[in-house]
file entry-v4.txt (compact mmCIF, C-alpha atoms)
# COMPACT_ATOMS: atom_id res chain seq x y z
CA MET A 4 0.00 0.00 0.00
CA ALA A 5 1.26 3.47 -0.89
CA ARG A 6 2.74 5.54 1.95
CA TRP A 7 3.22 9.32 1.88
CA LEU A 8 6.56 10.44 3.33
CA LYS A 9 5.70 14.02 2.38
CA THR A 10 2.42 15.76 1.49
CA GLY A 11 1.47 19.19 0.11
CA ARG A 12 -1.44 21.61 0.41
CA THR A 13 -4.95 20.19 0.57
CA ASP A 14 -7.47 20.38 -2.25
CA GLU A 15 -9.64 22.68 -0.12
CA GLU A 16 -6.80 25.18 0.29
CA ARG A 17 -6.21 25.15 -3.46
CA ARG A 18 -9.90 25.78 -4.17
CA GLU A 19 -9.84 28.89 -1.97
CA ASP A 20 -7.03 30.30 -4.12
CA ASP A 21 -9.00 29.49 -7.27
CA ASP A 22 -12.09 31.34 -6.03
CA LYS A 23 -10.14 34.57 -5.55
CA VAL A 24 -8.65 34.37 -9.03
CA ARG A 25 -12.04 33.60 -10.60
CA ALA A 26 -13.67 36.75 -9.22
CA THR A 27 -10.83 39.00 -10.38
CA VAL A 28 -10.89 37.59 -13.90
CA GLU A 29 -14.66 37.89 -14.25
CA THR A 30 -14.57 41.58 -13.36
CA THR A 31 -11.61 42.29 -15.64
CA LEU A 32 -13.12 40.59 -18.69
CA ALA A 33 -16.33 42.56 -18.20
CA GLU A 34 -14.27 45.78 -18.26
CA ILE A 35 -12.60 44.78 -21.53
CA GLU A 36 -15.96 43.87 -23.07
CA ALA A 37 -17.42 47.24 -22.07
CA ARG A 38 -14.53 49.60 -22.80
CA GLY A 39 -12.23 47.85 -25.25
CA ASP A 40 -8.84 49.47 -25.87
CA ALA A 41 -9.23 51.94 -23.00
CA ALA A 42 -9.64 49.13 -20.47
CA VAL A 43 -6.76 47.15 -21.99
CA ARG A 44 -4.45 50.15 -21.73
CA GLU A 45 -5.43 50.87 -18.12
CA LEU A 46 -4.86 47.25 -17.15
CA SER A 47 -1.48 47.16 -18.88
CA GLU A 48 -0.42 50.32 -17.07
CA LYS A 49 -1.65 48.94 -13.73
CA PHE A 50 -0.11 45.46 -13.88
CA ASP A 51 2.88 45.86 -16.21
CA LYS A 52 3.56 49.61 -16.06
CA TRP A 53 3.46 49.44 -19.85
CA SER A 54 1.61 51.88 -22.14
CA PRO A 55 3.27 52.23 -25.55
CA ALA A 56 1.82 54.27 -28.40
CA GLN A 57 0.49 51.00 -29.81
CA PHE A 58 0.63 47.46 -28.47
CA ARG A 59 1.07 45.87 -31.89
CA MET A 60 4.71 45.76 -32.87
CA SER A 61 5.66 47.28 -36.20
CA ASP A 62 8.07 45.76 -38.71
CA GLU A 63 10.69 48.20 -37.44
CA ASP A 64 10.07 47.15 -33.82
CA ILE A 65 10.47 43.50 -34.77
CA ALA A 66 13.64 44.15 -36.75
CA ARG A 67 15.13 46.01 -33.79
CA CYS A 68 14.40 43.08 -31.49
CA LEU A 69 15.97 40.64 -33.94
CA SER A 70 19.12 42.78 -34.04
CA GLU A 71 19.37 42.55 -30.25
CA VAL A 72 19.45 38.75 -30.20
CA SER A 73 22.85 37.09 -30.64
CA GLU A 74 23.52 34.88 -33.64
CA ARG A 75 23.94 31.87 -31.34
CA ASP A 76 20.58 32.49 -29.69
CA LEU A 77 18.89 32.94 -33.06
CA GLU A 78 20.38 29.69 -34.30
CA ASP A 79 19.24 27.90 -31.14
CA ILE A 80 15.71 29.25 -31.61
CA LYS A 81 15.73 28.10 -35.24
CA PHE A 82 16.97 24.65 -34.22
CA ALA A 83 14.22 24.23 -31.63
CA GLN A 84 11.57 25.44 -34.09
CA ALA A 85 12.82 23.00 -36.72
CA GLN A 86 12.31 20.12 -34.29
CA VAL A 87 8.79 21.29 -33.38
CA ARG A 88 7.93 21.91 -37.03
CA ASN A 89 9.19 18.50 -38.14
CA PHE A 90 7.21 16.57 -35.52
CA ALA A 91 4.07 18.67 -36.11
CA GLN A 92 4.33 17.97 -39.84
CA LYS A 93 4.63 14.22 -39.19
CA GLN A 94 1.52 14.44 -37.00
CA LYS A 95 -0.35 16.38 -39.68
CA ASP A 96 0.62 13.81 -42.28
CA ALA A 97 -1.13 11.19 -40.13
CA LEU A 98 -4.42 13.13 -40.41
CA GLN A 99 -6.12 11.98 -43.58
CA ASP A 100 -9.26 13.27 -45.30
CA ILE A 101 -11.56 10.37 -46.09
CA GLU A 102 -14.46 9.66 -48.44
CA VAL A 103 -16.20 6.27 -48.48
CA GLU A 104 -19.31 4.70 -50.01
CA THR A 105 -20.96 3.20 -46.91
CA LEU A 106 -24.05 1.94 -48.76
CA PRO A 107 -24.74 1.78 -52.50
CA GLY A 108 -25.14 5.42 -53.54
CA VAL A 109 -24.35 6.87 -50.09
CA ILE A 110 -21.09 8.82 -49.80
CA LEU A 111 -19.74 9.96 -46.40
CA GLY A 112 -16.52 11.82 -45.76
CA HIS A 113 -14.59 14.19 -43.59
CA LYS A 114 -12.12 16.96 -44.17
CA ASN A 115 -9.53 18.32 -41.75
CA VAL A 116 -9.99 22.09 -41.90
CA PRO A 117 -7.64 24.52 -40.10
CA VAL A 118 -9.03 27.08 -37.67
CA ASN A 119 -9.01 30.50 -39.35
CA ALA A 120 -7.61 32.71 -36.57
CA VAL A 121 -5.60 31.76 -33.48
CA GLY A 122 -4.42 33.86 -30.56
CA SER A 123 -1.21 32.59 -28.96
CA TYR A 124 -0.22 33.67 -25.46
CA VAL A 125 3.49 33.50 -24.62
CA PRO A 126 4.26 33.91 -20.89
CA GLY A 127 7.07 36.31 -20.14
CA GLY A 128 6.47 38.27 -16.97
CA LYS A 129 8.51 36.10 -14.60
CA TYR A 130 10.61 34.11 -17.10
CA PRO A 131 10.79 34.99 -20.81
CA MET A 132 9.37 31.68 -22.05
CA VAL A 133 10.72 31.73 -25.58
CA ALA A 134 9.84 28.07 -26.12
CA SER A 135 6.11 28.71 -25.76
CA ALA A 136 6.21 30.64 -29.04
CA HIS A 137 7.56 27.57 -30.81
CA MET A 138 4.88 25.31 -29.40
CA SER A 139 1.87 27.38 -30.42
CA VAL A 140 2.94 29.54 -33.35
CA VAL A 141 4.97 26.96 -35.27
CA THR A 142 2.39 24.24 -34.72
CA ALA A 143 -0.49 26.48 -35.83
CA LYS A 144 1.47 27.47 -38.92
CA VAL A 145 2.02 23.80 -39.84
CA ALA A 146 -1.71 23.21 -39.39
CA GLY A 147 -2.42 25.93 -41.96
CA VAL A 148 -3.97 28.59 -39.71
CA LYS A 149 -4.44 31.74 -41.80
CA ARG A 150 -4.02 34.35 -39.04
CA ILE A 151 -1.85 33.93 -35.95
CA ALA A 152 -1.84 36.76 -33.42
CA THR A 153 0.57 36.53 -30.49
CA CYS A 154 0.74 38.32 -27.15
CA ALA A 155 3.58 38.36 -24.64
CA PRO A 156 3.96 40.72 -21.68
CA PRO A 157 6.85 43.18 -21.47
CA TYR A 158 9.86 41.89 -19.59
CA GLU A 159 11.76 44.35 -17.41
CA GLY A 160 9.96 47.30 -18.99
CA ARG A 161 10.16 46.42 -22.68
CA PRO A 162 9.30 43.66 -25.16
CA ASN A 163 11.60 40.70 -24.69
CA ALA A 164 13.72 40.54 -27.83
CA ALA A 165 14.13 36.75 -27.81
CA ILE A 166 10.38 36.16 -27.47
CA VAL A 167 9.70 38.58 -30.32
CA ALA A 168 12.29 36.80 -32.44
CA ALA A 169 10.70 33.43 -31.72
CA GLN A 170 7.22 34.72 -32.52
CA HIS A 171 8.41 36.25 -35.79
CA LEU A 172 10.54 33.30 -36.88
CA GLY A 173 7.71 30.93 -35.97
CA GLY A 174 5.39 32.69 -38.41
CA ALA A 175 3.21 35.03 -36.33
CA ASP A 176 1.17 37.47 -38.41
CA GLU A 177 0.57 39.98 -35.60
CA ILE A 178 2.79 40.46 -32.54
CA TYR A 179 1.52 42.40 -29.53
CA ALA A 180 3.54 43.44 -26.49
CA LEU A 181 0.69 42.81 -24.07
CA GLY A 182 0.25 40.44 -21.15
CA GLY A 183 -2.11 39.02 -18.57
CA ILE A 184 -5.91 38.96 -18.56
CA GLN A 185 -5.89 42.04 -20.78
CA ALA A 186 -4.09 40.14 -23.55
CA ILE A 187 -6.39 37.13 -23.36
CA GLY A 188 -9.49 39.33 -23.25
CA ALA A 189 -8.36 41.56 -26.11
CA MET A 190 -7.68 38.60 -28.40
CA ALA A 191 -10.86 36.70 -27.58
CA ILE A 192 -13.34 39.57 -27.23
CA GLY A 193 -11.69 41.99 -29.65
CA THR A 194 -11.18 45.73 -29.28
CA GLU A 195 -11.13 48.72 -31.61
CA THR A 196 -7.58 47.83 -32.69
CA ILE A 197 -7.37 44.06 -32.15
CA ALA A 198 -9.62 41.83 -34.23
CA PRO A 199 -11.02 38.84 -32.32
CA ILE A 200 -9.65 35.37 -32.92
CA ASP A 201 -11.39 31.99 -33.02
CA MET A 202 -9.15 30.01 -30.67
CA LEU A 203 -6.85 30.79 -27.73
CA VAL A 204 -3.74 28.72 -27.00
CA GLY A 205 -0.70 28.83 -24.79
CA PRO A 206 0.13 28.52 -21.09
CA GLY A 207 0.13 31.29 -18.50
CA ASN A 208 -0.28 32.10 -14.84
CA ALA A 209 -3.44 31.42 -12.81
CA PHE A 210 -5.15 34.57 -14.11
CA VAL A 211 -4.41 33.76 -17.75
CA ALA A 212 -5.62 30.18 -17.30
CA GLU A 213 -8.83 31.33 -15.61
CA ALA A 214 -9.45 33.92 -18.35
CA LYS A 215 -9.20 31.18 -20.96
CA ARG A 216 -11.60 29.02 -18.93
CA GLN A 217 -14.18 31.80 -18.69
CA LEU A 218 -13.91 32.59 -22.41
CA PHE A 219 -14.22 28.96 -23.51
CA GLY A 220 -17.31 28.62 -25.66
CA ARG A 221 -17.03 32.15 -26.96
CA VAL A 222 -13.75 30.95 -28.47
CA GLY A 223 -12.03 27.60 -28.52
CA ILE A 224 -9.06 26.89 -26.29
CA ASP A 225 -6.29 24.34 -26.39
CA LEU A 226 -6.98 23.01 -22.88
CA PHE A 227 -7.56 24.05 -19.29
CA ALA A 228 -4.10 24.71 -17.89
CA GLY A 229 -3.01 25.08 -14.30
CA PRO A 230 0.43 25.32 -12.71
CA THR A 231 3.17 23.12 -14.14
CA GLU A 232 3.20 19.59 -12.69
CA THR A 233 5.89 16.95 -12.66
CA LEU A 234 5.78 13.34 -11.51
CA ILE A 235 8.85 11.14 -11.24
CA LEU A 236 8.48 7.37 -11.23
CA ALA A 237 11.79 5.86 -10.16
CA ASP A 238 13.44 2.85 -8.58
CA GLU A 239 16.91 1.91 -7.35
CA THR A 240 18.33 2.06 -10.91
CA VAL A 241 18.77 5.83 -10.40
CA ASP A 242 19.90 8.00 -7.51
CA GLY A 243 18.64 10.89 -5.43
CA GLU A 244 20.70 13.50 -7.25
CA ILE A 245 19.02 13.03 -10.63
CA CYS A 246 15.55 12.70 -9.05
CA ALA A 247 16.06 15.92 -7.07
CA ALA A 248 17.27 17.79 -10.15
CA ASP A 249 14.25 16.69 -12.16
CA LEU A 250 11.81 17.63 -9.40
CA LEU A 251 13.32 21.07 -8.76
CA GLY A 252 13.71 21.72 -12.48
CA GLN A 253 9.91 21.92 -12.72
CA ALA A 254 9.22 23.31 -9.24
CA GLU A 255 11.00 26.50 -10.29
CA HIS A 256 8.10 27.29 -12.65
CA GLY A 257 6.12 28.79 -9.77
CA PRO A 258 5.40 28.56 -6.05
CA ASN A 259 2.34 26.39 -6.69
CA SER A 260 3.89 23.86 -9.08
CA PRO A 261 3.42 20.28 -7.80
CA ALA A 262 6.51 18.04 -7.88
CA ILE A 263 5.93 14.42 -6.87
CA LEU A 264 8.19 11.39 -6.51
CA VAL A 265 6.70 7.89 -6.53
CA THR A 266 9.17 5.08 -5.87
CA ASP A 267 9.32 1.52 -4.61
CA SER A 268 12.59 2.30 -2.81
CA GLU A 269 12.35 4.05 0.55
CA LYS A 270 16.11 4.60 0.41
CA LEU A 271 15.76 6.49 -2.88
CA ALA A 272 12.86 8.48 -1.43
CA ARG A 273 14.87 9.65 1.57
CA ASP A 274 18.03 10.22 -0.48
CA THR A 275 16.00 12.40 -2.87
CA MET A 276 14.52 14.50 -0.06
CA ALA A 277 17.98 15.06 1.41
CA GLU A 278 19.40 15.91 -2.01
CA ILE A 279 16.61 18.41 -2.64
CA GLU A 280 17.54 20.28 0.52
CA ARG A 281 21.18 20.35 -0.60
CA GLN A 282 20.39 21.51 -4.15
CA LEU A 283 18.12 24.25 -2.84
CA THR A 284 21.16 25.83 -1.21
CA VAL A 285 22.79 26.38 -4.62
CA LEU A 286 19.88 26.62 -7.09
CA PRO A 287 19.56 30.22 -8.39
CA THR A 288 15.76 29.88 -8.52
CA ALA A 289 15.50 28.36 -5.04
CA ALA A 290 13.29 31.21 -3.79
CA VAL A 291 10.50 29.90 -6.01
CA ALA A 292 11.33 26.20 -6.10
CA SER A 293 11.63 25.91 -2.33
CA VAL A 294 8.09 27.22 -1.81
CA ALA A 295 6.70 24.87 -4.46
CA TRP A 296 8.48 21.92 -2.84
CA ALA A 297 7.42 22.85 0.69
CA GLU A 298 3.76 23.42 -0.17
CA TYR A 299 3.13 21.15 -3.17
CA GLY A 300 5.89 18.54 -3.10
CA GLN A 301 5.02 14.91 -2.34
CA VAL A 302 7.01 11.72 -1.83
CA ILE A 303 5.13 8.42 -2.10
CA VAL A 304 6.56 4.95 -1.47
CA VAL A 305 4.78 2.04 -3.18
CA GLU A 306 5.17 -1.73 -3.06
CA ASP A 307 6.12 -2.45 -6.67
CA LEU A 308 5.92 -1.24 -10.27
CA ASP A 309 2.30 -2.36 -10.61
CA GLU A 310 1.26 -0.10 -7.75
CA MET A 311 3.45 2.64 -9.23
CA VAL A 312 1.38 2.51 -12.44
CA LYS A 313 -1.86 2.62 -10.44
CA VAL A 314 -0.80 5.62 -8.33
CA ALA A 315 0.57 7.45 -11.38
CA ASP A 316 -2.70 7.06 -13.27
CA GLU A 317 -4.60 8.38 -10.25
CA ILE A 318 -2.33 11.46 -10.12
CA ALA A 319 -2.70 12.01 -13.91
CA SER A 320 0.25 14.40 -14.03
CA GLU A 321 1.20 16.80 -16.80
CA HIS A 322 4.78 15.51 -17.05
CA VAL A 323 5.80 11.97 -16.09
CA GLN A 324 9.51 11.13 -15.93
CA VAL A 325 10.04 7.35 -15.81
CA MET A 326 13.39 5.98 -14.62
CA THR A 327 12.95 2.31 -13.70
CA ARG A 328 14.13 -1.18 -14.55
CA ASP A 329 11.17 -1.52 -16.95
CA ASP A 330 10.29 1.84 -18.51
CA ASP A 331 8.31 0.21 -21.34
CA LYS A 332 5.82 -1.12 -18.79
CA PHE A 333 4.67 2.44 -18.16
CA LEU A 334 4.39 3.24 -21.86
CA ALA A 335 2.28 0.12 -22.33
CA GLU A 336 0.09 0.39 -19.23
CA MET A 337 -0.32 4.02 -18.20
CA THR A 338 -3.38 5.84 -19.52
CA ASN A 339 -3.43 9.23 -17.73
CA TYR A 340 -0.53 11.58 -18.48
CA GLY A 341 0.29 14.67 -20.50
CA ALA A 342 3.66 13.45 -21.76
CA LEU A 343 5.98 10.57 -20.85
CA PHE A 344 9.75 10.95 -20.61
CA LEU A 345 11.20 7.46 -20.69
CA GLY A 346 14.59 6.71 -19.15
CA PRO A 347 17.24 8.86 -17.48
CA ARG A 348 18.70 10.08 -20.79
CA THR A 349 15.67 12.31 -21.43
CA ASN A 350 13.87 14.72 -19.13
CA VAL A 351 11.05 17.25 -19.00
CA ALA A 352 13.32 20.18 -19.88
CA TYR A 353 14.05 18.55 -23.25
CA GLY A 354 10.31 18.44 -23.97
CA ASP A 355 9.80 21.95 -22.62
CA LYS A 356 12.42 23.57 -24.80
CA VAL A 357 13.76 21.73 -27.80
CA ILE A 358 13.18 18.04 -28.54
CA GLY A 359 10.09 18.61 -30.72
CA THR A 360 7.05 17.39 -28.79
CA ASN A 361 4.67 20.08 -27.61
CA HIS A 362 5.03 21.40 -24.07
CA THR A 363 1.47 22.74 -23.67
CA LEU A 364 -0.02 19.82 -21.74
CA PRO A 365 -3.03 18.97 -19.53
CA THR A 366 -2.82 19.70 -15.80
CA ARG A 367 -5.08 19.22 -12.77
CA LYS A 368 -6.03 15.68 -13.80
CA ALA A 369 -7.22 16.79 -17.25
CA ALA A 370 -4.95 14.06 -18.64
CA ARG A 371 -7.81 11.71 -17.80
CA TYR A 372 -9.69 12.99 -20.86
CA THR A 373 -7.35 14.95 -23.13
CA GLY A 374 -3.85 15.05 -24.49
CA GLY A 375 -1.80 18.18 -25.01
CA LEU A 376 -1.55 20.76 -27.76
CA TRP A 377 -0.68 19.30 -31.16
CA VAL A 378 -1.26 20.11 -34.78
CA GLY A 379 -4.66 18.37 -34.70
CA LYS A 380 -5.95 20.83 -32.07
CA PHE A 381 -5.76 23.56 -34.70
CA MET A 382 -7.85 21.55 -37.14
CA LYS A 383 -11.56 20.82 -37.27
CA THR A 384 -12.59 17.41 -38.56
CA CYS A 385 -15.71 18.33 -40.51
CA THR A 386 -18.01 15.72 -42.00
CA TYR A 387 -20.09 15.80 -45.19
CA GLN A 388 -22.50 13.49 -46.97
CA ARG A 389 -23.79 13.00 -50.50
CA VAL A 390 -26.54 10.68 -51.78
CA LEU A 391 -26.01 9.74 -55.43
CA THR A 392 -29.13 7.79 -56.41
CA ASP A 393 -32.91 8.00 -56.02
CA GLU A 394 -32.94 4.46 -54.66
CA ALA A 395 -30.43 5.27 -51.93
CA SER A 396 -32.30 8.40 -50.83
CA ALA A 397 -35.64 6.54 -50.63
CA MET A 398 -34.14 3.62 -48.76
CA VAL A 399 -32.41 5.76 -46.14
CA GLY A 400 -35.54 7.95 -45.99
CA GLU A 401 -37.77 5.04 -44.99
CA TYR A 402 -35.51 4.20 -42.03
CA CYS A 403 -35.19 7.87 -41.12
CA SER A 404 -38.97 8.41 -41.23
CA ARG A 405 -39.68 5.59 -38.80
CA LEU A 406 -36.90 6.66 -36.43
CA CYS A 407 -38.13 10.27 -36.42
CA ALA A 408 -41.65 9.06 -35.60
CA LEU A 409 -40.22 7.00 -32.73
CA GLU A 410 -38.82 10.21 -31.22
CA GLY A 411 -41.84 12.37 -32.02
CA PHE A 412 -39.96 14.68 -34.40
CA MET A 413 -42.63 15.12 -37.06
CA GLY A 414 -40.85 17.92 -38.90
CA HIS A 415 -37.79 15.71 -39.19
CA LYS A 416 -40.07 12.88 -40.40
CA GLU A 417 -41.43 15.05 -43.19
CA GLN A 418 -37.88 15.85 -44.34
CA ALA A 419 -37.45 12.12 -44.90
CA ASP A 420 -40.95 11.46 -46.23
CA ILE A 421 -40.73 14.10 -48.98
CA ARG A 422 -37.63 12.32 -50.32
CA VAL A 423 -39.36 8.95 -50.17
CA ARG A 424 -42.31 10.38 -52.12
CA ARG A 425 -40.13 12.08 -54.73
CA TYR A 426 -37.43 9.46 -55.19
CA GLY A 427 -39.15 6.22 -54.18
CA GLY A 428 -40.80 5.50 -57.51
CA LYS A 429 -43.21 2.57 -57.25
CA ASN A 430 -42.57 2.21 -53.50
CA ALA A 431 -43.61 5.83 -52.71

call {"tool": "encode", "arguments": {"input": "entry-v4.txt", "output": "structure tokens"}}
result
Amino acid sequence: MARWLKTGRTDEERREDDDKVRATVETTLAEIEARGDAAVRELSEKFDKWSPAQFRMSDEDIARCLSEVSERDLEDIKFAQAQVRNFAQKQKDALQDIEVETLPGVILGHKNVPVNAVGSYVPGGKYPMVASAHMSVVTAKVAGVKRIATCAPPYEGRPNAAIVAAQHLGGADEIYALGGIQAIGAMAIGTETIAPIDMLVGPGNAFVAEAKRQLFGRVGIDLFAGPTETLILADETVDGEICAADLLGQAEHGPNSPAILVTDSEKLARDTMAEIERQLTVLPTAAVASVAWAEYGQVIVVEDLDEMVKVADEIASEHVQVMTRDDDKFLAEMTNYGALFLGPRTNVAYGDKVIGTNHTLPTRKAARYTGGLWVGKFMKTCTYQRVLTDEASAMVGEYCSRLCALEGFMGHKEQADIRVRRYGGKNA
């Protein structure tokens, strides 16, 4: 039976935090709806101390940012985008339009149609998350999205040059230096100067995530995203140092980022906890990571790998790092996860930044019912039908008529009956 050597904050405490965020976001979105650009500017001044002549960056602004990024950094950005683009293209190639004759004279099909306009949010207030531009902009471009608008907050009082470079190189059509709820609201609701989009994507803080949740339905979203989560499944084949590094590497995202170790080795569990305390004395981002570990970190000891699979599926974590004597067991048997990282040679940072899979992934147990952002999220699978012969229309119409009568839909029944009368010939 699983034993907790360390626990984090309770679900009730987390819900209290969520309630406060929800109320703030609701009020703010109502302001944007009512007052458009004026509200957006006031919010930007209030939260980011940022009020440029225009939030959309001009070609000259973009060129200036590109000139500020070193050649090495530009090449690294291009390399990462090439990996994301390549994998997204392979995924798109797996999506096929179909057309089949399911009955004589009855043709059914579907087409994969890109969303027309996407708004991509790139976090940048705390850390300039350059990689988030790759994940949303590049992937949307591969999908064939016609219009990609991107927003990222100013960083240290100005647009972050590396983020702008990544947005531009990724293929963004409009780049806005704008962050927070005001960015999400402006893109989804629209203002006098920002045309509304059809779908919002990209990670963000609790306020950004809640804004997306409240706007869902008015626009599409990639998924409901909460704080970054990481789960390590490990046994005695690895040591506490690597487990601690992988836990803290994700805990630094924010003070409410869960980092969990599940192991069948109590020695590894205790070694990892001791190693975390040591690494926190030298980690430059320890101020954030230490709070996340203290309040949201967990260490769970299980009996064997079978119980490890069971506990992992119950947690349904965003990122799952597997370092065991049988990593393939988890690939074969686990069902609830955002992304798997199999073996000690890979890690979540590779997926976050450069390896090519998408880093926008389900959190807060959403992995029970959805995967992460991928090229298919930007595409609508739209069906169509065609009936080629009178005989086929009359035959299907007879079934349809009886089924409509069964449900009491008499208008529907007449839609079928008129075809039976017109195309049924002697049987009409």

call {"tool": "atom_distance", "arguments": {"input": "entry-v4.txt", "atom1": "CA of Gly359 (chain A)", "atom2": "CA of Phe82 (chain A)"}}
result
9.8 Å

call {"tool": "closest_residue", "arguments": {"input": "entry-v4.txt", "among": "A:Glu321, A:Thr349, A:Glu244, A:Thr142", "to": "Glu278 (chain A)", "atoms": "only C-alpha atoms"}}
result
A:Glu244

call {"tool": "closest_residue", "arguments": {"input": "entry-v4.txt", "among": "A:Arg88, A:His113, A:Arg18, A:Arg12", "to": "Gln388 (chain A)", "atoms": "all atoms listed in the file"}}
result
A:His113

call {"tool": "closest_residue", "arguments": {"input": "entry-v4.txt", "among": "A:His322, A:Arg67, A:Arg328, A:Lys383", "to": "Pro365 (chain A)", "atoms": "only C-alpha atoms"}}
result
A:His322

call {"tool": "closest_residue", "arguments": {"input": "entry-v4.txt", "among": "A:Phe210, A:Tyr158, A:Phe333, A:Tyr353", "to": "Gly252 (chain A)", "atoms": "all atoms listed in the file"}}
result
A:Tyr353

call {"tool": "closest_residue", "arguments": {"input": "entry-v4.txt", "among": "A:Asn350, A:Ser139, A:Ser47, A:Thr392", "to": "Lys380 (chain A)", "atoms": "all atoms listed in the file"}}
result
A:Ser139

call {"tool": "closest_residue", "arguments": {"input": "entry-v4.txt", "among": "A:Val423, A:Leu264, A:Ile197, A:Leu111", "to": "Ala5 (chain A)", "atoms": "only C-alpha atoms"}}
result
A:Leu264

call {"tool": "residues_around", "arguments": {"input": "entry-v4.txt", "residues": "Gly374 (chain A)", "least_positions_apart": "5", "cutoff": "8 Å", "atoms": "only C-alpha atoms", "output": "ChimeraX atom specification"}}
result
/A:340-341,364-365

call {"tool": "atom_distance", "arguments": {"input": "entry-v4.txt", "atom1": "CA of Val24 (chain A)", "atom2": "CA of Gly183 (chain A)"}}
result
12.5 Å

call {"tool": "atom_distance", "arguments": {"input": "entry-v4.txt", "atom1": "CA of Val399 (chain A)", "atom2": "CA of Tyr387 (chain A)"}}
result
15.9 Å

call {"tool": "axis_aligned_box", "arguments": {"input": "entry-v4.txt", "around": "region 130-146 of chain A", "padding_each_side": "3 Å", "output": "lines of an AutoDock Vina configuration file"}}
result
center_x = 4.5
center_y = 29.1
center_z = -28.5
size_x = 18.5
size_y = 17.8
size_z = 28.7

call {"tool": "residues_around", "arguments": {"input": "entry-v4.txt", "residues": "region 224-228 of chain A", "least_positions_apart": "6", "cutoff": "9 Å", "atoms": "all atoms listed in the file", "output": "VMD selection string"}}
result
chain A and resid 201 to 209 212 to 213 215 to 216 218 363 to 367 369 373 to 377 380 to 381

call {"tool": "residues_around", "arguments": {"input": "entry-v4.txt", "residues": "Ala395 (chain A)", "least_positions_apart": "2", "cutoff": "7 Å", "atoms": "all atoms listed in the file", "output": "short mmCIF file (atom, residue, chain, number, x, y, z; two decimals) with C-alpha atoms, in the coordinates of the input"}}
result
data_model
loop_
_atom_site.label_atom_id
_atom_site.label_comp_id
_atom_site.auth_asym_id
_atom_site.auth_seq_id
_atom_site.Cartn_x
_atom_site.Cartn_y
_atom_site.Cartn_z
CA PRO A 107 -24.74 1.78 -52.50
CA GLY A 108 -25.14 5.42 -53.54
CA VAL A 109 -24.35 6.87 -50.09
CA VAL A 390 -26.54 10.68 -51.78
CA THR A 392 -29.13 7.79 -56.41
CA ASP A 393 -32.91 8.00 -56.02
CA ALA A 397 -35.64 6.54 -50.63
CA MET A 398 -34.14 3.62 -48.76
CA VAL A 399 -32.41 5.76 -46.14
#

call {"tool": "closest_atom_pairs", "arguments": {"input": "entry-v4.txt", "of": "region 147-239 of chain A", "to": "region 254-260 of chain A", "cutoff": "8 Å", "atoms": "only C-alpha atoms", "output": "Markdown table"}}
result
| residue | atom | partner | partner_atom | distance |
| --- | --- | --- | --- | --- |
| A:Pro230 | CA | A:Ser260 | CA | 5.2 |
| A:Thr231 | CA | A:Ser260 | CA | 5.2 |
| A:Glu232 | CA | A:Ser260 | CA | 5.6 |
| A:Thr233 | CA | A:Ala254 | CA | 8.0 |

call {"tool": "write_last_selection", "arguments": {"input": "entry-v4.txt", "atoms": "C-alpha atoms", "output": "compact mmCIF listing (two decimals), in the frame of the given file"}}
result
# COMPACT_ATOMS: atom_id res chain seq x y z
CA PRO A 230 0.43 25.32 -12.71
CA THR A 231 3.17 23.12 -14.14
CA GLU A 232 3.20 19.59 -12.69
CA THR A 233 5.89 16.95 -12.66

call {"tool": "residues_around", "arguments": {"input": "entry-v4.txt", "residues": "region 161-164 of chain A", "least_positions_apart": "5", "cutoff": "10 Å", "atoms": "only C-alpha atoms", "output": "PyMOL selection string"}}
result
chain A and resi 51-53+55+60+64-72+127-128+131-133+155-156+169-170+179-181

call {"tool": "write_last_selection", "arguments": {"input": "entry-v4.txt", "atoms": "C-alpha atoms", "output": "PDB file, keeping the file's coordinate frame"}}
result
ATOM      1  CA  ASP A  51       2.880  45.860 -16.210  1.00  0.00           C
ATOM      2  CA  LYS A  52       3.560  49.610 -16.060  1.00  0.00           C
ATOM      3  CA  TRP A  53       3.460  49.440 -19.850  1.00  0.00           C
ATOM      4  CA  PRO A  55       3.270  52.230 -25.550  1.00  0.00           C
ATOM      5  CA  MET A  60       4.710  45.760 -32.870  1.00  0.00           C
ATOM      6  CA  ASP A  64      10.070  47.150 -33.820  1.00  0.00           C
ATOM      7  CA  ILE A  65      10.470  43.500 -34.770  1.00  0.00           C
ATOM      8  CA  ALA A  66      13.640  44.150 -36.750  1.00  0.00           C
ATOM      9  CA  ARG A  67      15.130  46.010 -33.790  1.00  0.00           C
ATOM     10  CA  CYS A  68      14.400  43.080 -31.490  1.00  0.00           C
ATOM     11  CA  LEU A  69      15.970  40.640 -33.940  1.00  0.00           C
ATOM     12  CA  SER A  70      19.120  42.780 -34.040  1.00  0.00           C
ATOM     13  CA  GLU A  71      19.370  42.550 -30.250  1.00  0.00           C
ATOM     14  CA  VAL A  72      19.450  38.750 -30.200  1.00  0.00           C
ATOM     15  CA  GLY A 127       7.070  36.310 -20.140  1.00  0.00           C
ATOM     16  CA  GLY A 128       6.470  38.270 -16.970  1.00  0.00           C
ATOM     17  CA  PRO A 131      10.790  34.990 -20.810  1.00  0.00           C
ATOM     18  CA  MET A 132       9.370  31.680 -22.050  1.00  0.00           C
ATOM     19  CA  VAL A 133      10.720  31.730 -25.580  1.00  0.00           C
ATOM     20  CA  ALA A 155       3.580  38.360 -24.640  1.00  0.00           C
ATOM     21  CA  PRO A 156       3.960  40.720 -21.680  1.00  0.00           C
ATOM     22  CA  ALA A 169      10.700  33.430 -31.720  1.00  0.00           C
ATOM     23  CA  GLN A 170       7.220  34.720 -32.520  1.00  0.00           C
ATOM     24  CA  TYR A 179       1.520  42.400 -29.530  1.00  0.00           C
ATOM     25  CA  ALA A 180       3.540  43.440 -26.490  1.00  0.00           C
ATOM     26  CA  LEU A 181       0.690  42.810 -24.070  1.00  0.00           C
TER      27      LEU A 181
END
